[in-house]
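What follows is a set of notes on a single structure, which appears directly below.
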Amino acid sequence: MILICPSCIARYRVEVEALGATGRRVKCSRCEYIWHAEPPGYTVEVIHAEPEVSHPADTPEPEPAPHRAQLPVPAGSVRRQRSNSLWTWVLCLLALAVCVVGYEARHPIAKEWPWLAPVYEGLGIVVGEGQGTQPAQPE
């Protein structure tokens, strides 16, 4: 029998006997998700059920729904969900690159767009050349 993790769609081949008659808790080795796996054809017996309503003699009994056996899903039809962590890393690196370029090019940026100089100063970054720094003097 093939078990499929409901969280990450990982597939595992297990013997039906390993699940026992009522099923057992299993843990996905890929995503660590824990769920209860039942053997095929396992049905739950309801102990505290509502009392059945008797049907009048002129109405026929409803037919029970046919039982479907669990079938394994072909490997090609299961699409693996793409992780968002790659896009998160790309966006973080892009934001870091914008911050580095914004810091390193602060003088030309403040000269081109003077309204950004108070933003730099509000962040504690010296913008004007000669403010707080001495140019290198050849000896």
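Residues are named by chain letter and number: chains run A, B, ... in the order of the structure tokens, numbers start at 1 in each chain, and ligands are numbered from 1 in the order shown.
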
Practice prompt. Name all residues at most 9 Å from Val14 (chain A) (count only C-alpha atoms; drop same-chain ones fewer than 5 positions away) and give them as a list in words.
Written response: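 Everything that qualifies: Met1, Ile2, Leu3 and Leu19 of chain A.
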
Worksheet item: Could you name the residues that touch Arg106 (chain A) at 12 Å or less, counting only C-alpha atoms, but leaving out those on the same chain fewer than 5 positions away, as a list in words?
Response: Val98, Cys99, Val100, Val101, Lys111, Glu112, Trp113, Pro114, Leu116, Ala117, Pro118, Val119, Tyr120, Glu121, Ile125, Val126, Val127, Gly128 and Glu129 of chain A

Quick one: write out the picked residues with N, CA and C atoms as a PDB file, in the first residue's frame?
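Once written, part.pdb looks like this:
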```pdb
ATOM      1  N   VAL A  98      19.690  46.779  -2.403  1.00  0.00           N
ATOM      2  CA  VAL A  98      19.198  48.157  -2.487  1.00  0.00           C
ATOM      3  C   VAL A  98      19.740  48.976  -1.320  1.00  0.00           C
ATOM      4  N   CYS A  99      19.786  48.394  -0.117  1.00  0.00           N
ATOM      5  CA  CYS A  99      20.314  49.112   1.047  1.00  0.00           C
ATOM      6  C   CYS A  99      21.807  49.415   0.885  1.00  0.00           C
ATOM      7  N   VAL A 100      22.568  48.438   0.399  1.00  0.00           N
ATOM      8  CA  VAL A 100      24.008  48.647   0.222  1.00  0.00           C
ATOM      9  C   VAL A 100      24.265  49.715  -0.825  1.00  0.00           C
ATOM     10  N   VAL A 101      23.579  49.650  -1.946  1.00  0.00           N
ATOM     11  CA  VAL A 101      23.766  50.650  -3.006  1.00  0.00           C
ATOM     12  C   VAL A 101      23.311  52.019  -2.506  1.00  0.00           C
ATOM     13  N   LYS A 111      22.858  64.504  -3.763  1.00  0.00           N
ATOM     14  CA  LYS A 111      23.105  65.641  -4.650  1.00  0.00           C
ATOM     15  C   LYS A 111      22.042  65.703  -5.746  1.00  0.00           C
ATOM     16  N   GLU A 112      21.635  64.564  -6.275  1.00  0.00           N
ATOM     17  CA  GLU A 112      20.640  64.497  -7.352  1.00  0.00           C
ATOM     18  C   GLU A 112      19.230  64.765  -6.818  1.00  0.00           C
ATOM     19  N   TRP A 113      18.913  64.187  -5.666  1.00  0.00           N
ATOM     20  CA  TRP A 113      17.598  64.354  -5.051  1.00  0.00           C
ATOM     21  C   TRP A 113      17.780  64.926  -3.644  1.00  0.00           C
ATOM     22  N   PRO A 114      17.837  66.238  -3.506  1.00  0.00           N
ATOM     23  CA  PRO A 114      18.110  66.856  -2.198  1.00  0.00           C
ATOM     24  C   PRO A 114      17.060  66.537  -1.130  1.00  0.00           C
ATOM     25  N   LEU A 116      16.093  63.785  -0.254  1.00  0.00           N
ATOM     26  CA  LEU A 116      16.453  62.552   0.449  1.00  0.00           C
ATOM     27  C   LEU A 116      17.507  62.780   1.534  1.00  0.00           C
ATOM     28  N   ALA A 117      18.170  63.965   1.526  1.00  0.00           N
ATOM     29  CA  ALA A 117      19.214  64.230   2.528  1.00  0.00           C
ATOM     30  C   ALA A 117      18.665  64.156   3.953  1.00  0.00           C
ATOM     31  N   PRO A 118      17.483  64.713   4.265  1.00  0.00           N
ATOM     32  CA  PRO A 118      16.958  64.568   5.640  1.00  0.00           C
ATOM     33  C   PRO A 118      16.651  63.125   6.017  1.00  0.00           C
ATOM     34  N   VAL A 119      16.324  62.291   5.022  1.00  0.00           N
ATOM     35  CA  VAL A 119      16.065  60.875   5.310  1.00  0.00           C
ATOM     36  C   VAL A 119      17.357  60.211   5.765  1.00  0.00           C
ATOM     37  N   TYR A 120      18.441  60.453   5.042  1.00  0.00           N
ATOM     38  CA  TYR A 120      19.738  59.904   5.438  1.00  0.00           C
ATOM     39  C   TYR A 120      20.144  60.407   6.819  1.00  0.00           C
ATOM     40  N   GLU A 121      19.972  61.700   7.052  1.00  0.00           N
ATOM     41  CA  GLU A 121      20.361  62.269   8.345  1.00  0.00           C
ATOM     42  C   GLU A 121      19.473  61.733   9.471  1.00  0.00           C
ATOM     43  N   ILE A 125      23.047  58.812   9.077  1.00  0.00           N
ATOM     44  CA  ILE A 125      24.075  58.636   8.047  1.00  0.00           C
ATOM     45  C   ILE A 125      24.500  60.016   7.570  1.00  0.00           C
ATOM     46  N   VAL A 126      25.813  60.272   7.613  1.00  0.00           N
ATOM     47  CA  VAL A 126      26.341  61.559   7.174  1.00  0.00           C
ATOM     48  C   VAL A 126      26.305  61.602   5.656  1.00  0.00           C
ATOM     49  N   VAL A 127      25.701  62.676   5.123  1.00  0.00           N
ATOM     50  CA  VAL A 127      25.536  62.770   3.677  1.00  0.00           C
ATOM     51  C   VAL A 127      26.554  63.700   3.060  1.00  0.00           C
ATOM     52  N   GLY A 128      26.724  64.897   3.630  1.00  0.00           N
ATOM     53  CA  GLY A 128      27.581  65.905   3.009  1.00  0.00           C
ATOM     54  C   GLY A 128      29.043  65.506   3.064  1.00  0.00           C
ATOM     55  N   GLU A 129      29.740  65.727   1.969  1.00  0.00           N
ATOM     56  CA  GLU A 129      31.168  65.445   1.945  1.00  0.00           C
ATOM     57  C   GLU A 129      31.857  66.469   2.835  1.00  0.00           C
TER      58      GLU A 129
END
```

Discussion item. When you count only C-alpha atoms, which of these residues is closest to Ala21 (chain A): A:Ala37, A:Cys92, A:Ala97, A:Cys5?
Written reply: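 For Ala21 (chain A), the nearest of the candidates is A:Ala37.
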